[in-house]
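Down below is the structure, laid out as structure tokens.
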Amino acid sequence: AMIGHGWQSQWKRVGRRLEEVRTVYTGAPGGTDAALDRVLSFFETIHHLKDWLRNDPKCGVTEDDVHEVIDKSPALQLCADIANGSKHFKLTSSQTGDFGTTIARNDVSVFPGTGTSAHRFYIESGGKDYDAREIAEQAVRVWEAYLAGRNML
């Protein structure tokens, strides 16, 4: 079997990417671009979890199942739009209904002399602002609840 085959490997990757988002918020080396890369990487990774689940024949999750999970979760819909927007430059389809959904702005705290800074990113969608880390945490909880409910964790 291939290394990292199966949906579990992608789920573990989601966990690692969430840790990176938390690090961005508490303070990490590198500037805004590096911080944004880490945040976008989380959204892409969690959005692709749906493909790993529906393509893994052992777990019995269907395309309808994953769409139902996403359709019921505003957090996962935001994840989808951020992931697809970062992949295609602009959204060609939208889960939130706002084709302008994007990470619109950020706050930075620089810790002088340490080479580190903390970043907070805001997702703009449907005329509202959402904190990127809060959406990330919510999104992971939604999948966690779904997977636990199917005795997959």
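Chain labels run A, B, ... following the order of the structure tokens; each chain numbers its residues from 1, and ligands are numbered from 1 in the order shown.
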Legend entry - All strand (DSSP E) residues (DSSP, backbone) inside chain A, as a list in words: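 The residues of chain A classed as strand (DSSP E) are Ala28, Pro29, Thr102, Ile103, Ala104, Arg105, Asn106, Asp107, Val108, Ser109, Val110, Phe111, Thr116, Ser117, Ala118, His119, Arg120, Phe121, Tyr122, Ile123, Glu124, Ser125, Lys128, Asp129, Tyr130 and Asp131 of chain A.
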Inset, instruction - Could you give me, as a VMD selection string, each residue of range 23-101 of chain A that DSSP assigns to helix (DSSP H, G or I) when run on this structure's backbone? - result: chain A and resid 23 to 26 32 to 55 63 to 71 74 to 88
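For Trp52 in chain A, the list of residues within 7 Å, based on only C-alpha atoms and with local chain neighbours fewer than 5 positions off taken out, reads Gly6, Trp7 and Gln10 of chain A.
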Take the residues from that selection and write them out as a PDB file, in the first residue's frame, keeping C-alpha atoms.
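out_27.pdb was written with the following content:
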ATOM      1  CA  GLY A   6      -6.678   6.064   3.314  1.00  0.00           C
ATOM      2  CA  TRP A   7      -8.813   8.861   4.688  1.00  0.00           C
ATOM      3  CA  GLN A  10      -5.780  13.157   5.452  1.00  0.00           C
TER       4      GLN A  10
END
Legend entry - Selected residue, from A:Ala75, A:Leu53, A:Leu40, A:Val24, that lies nearest to Ala139 in chain A when counting only C-alpha atoms: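 Comparing A:Ala75, A:Leu53, A:Leu40, A:Val24 against Ala139 in chain A, the winner is A:Ala75.
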Would you give me, as CSV, each residue of range 67-100 of chain A having an atom within 12 Å of an atom of range 43-46 of chain A, along with its shortest atom pair and that distance in Å to one decimal, using only C-alpha atoms and sorting by chain and residue number?
residue,atom,partner,partner_atom,distance
A:Ile70,CA,A:Ile46,CA,11.2
A:Ala75,CA,A:Phe43,CA,10.5
A:Leu76,CA,A:Ile46,CA,8.4
A:Gln77,CA,A:Phe43,CA,10.5
A:Leu78,CA,A:Phe43,CA,8.8
A:Cys79,CA,A:Phe43,CA,5.3
A:Ala80,CA,A:Phe43,CA,7.3
A:Asp81,CA,A:Phe43,CA,8.9
A:Ile82,CA,A:Phe43,CA,6.5
A:Ala83,CA,A:Glu44,CA,4.5
A:Asn84,CA,A:Glu44,CA,7.6
A:Gly85,CA,A:Glu44,CA,9.7
A:Ser86,CA,A:Glu44,CA,8.1
A:Lys87,CA,A:Glu44,CA,8.2
A:His88,CA,A:Glu44,CA,11.6
Legend entry - Top pick for closest residue to Gln95 in chain A, considering A:Val108, A:His47, A:Val61, A:Ala28 and counting only C-alpha atoms: A:His47
Inset, instruction - For range 121-124 of chain A, work out the shell of residues within 6 Å, counting only C-alpha atoms and skipping chain neighbours fewer than 5 positions away, then give it as a PyMOL selection string. - result: chain A and resi 101-106+129-132
Inset, instruction - Compare A:Lys58, A:Asp98, A:Arg16, A:Thr92 by their minimum atom-to-atom distance to Gly126 in chain A, counting only C-alpha atoms, and give me the closest one. - result: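 Answer, going by the shortest atom-to-atom distance: A:Asp98.
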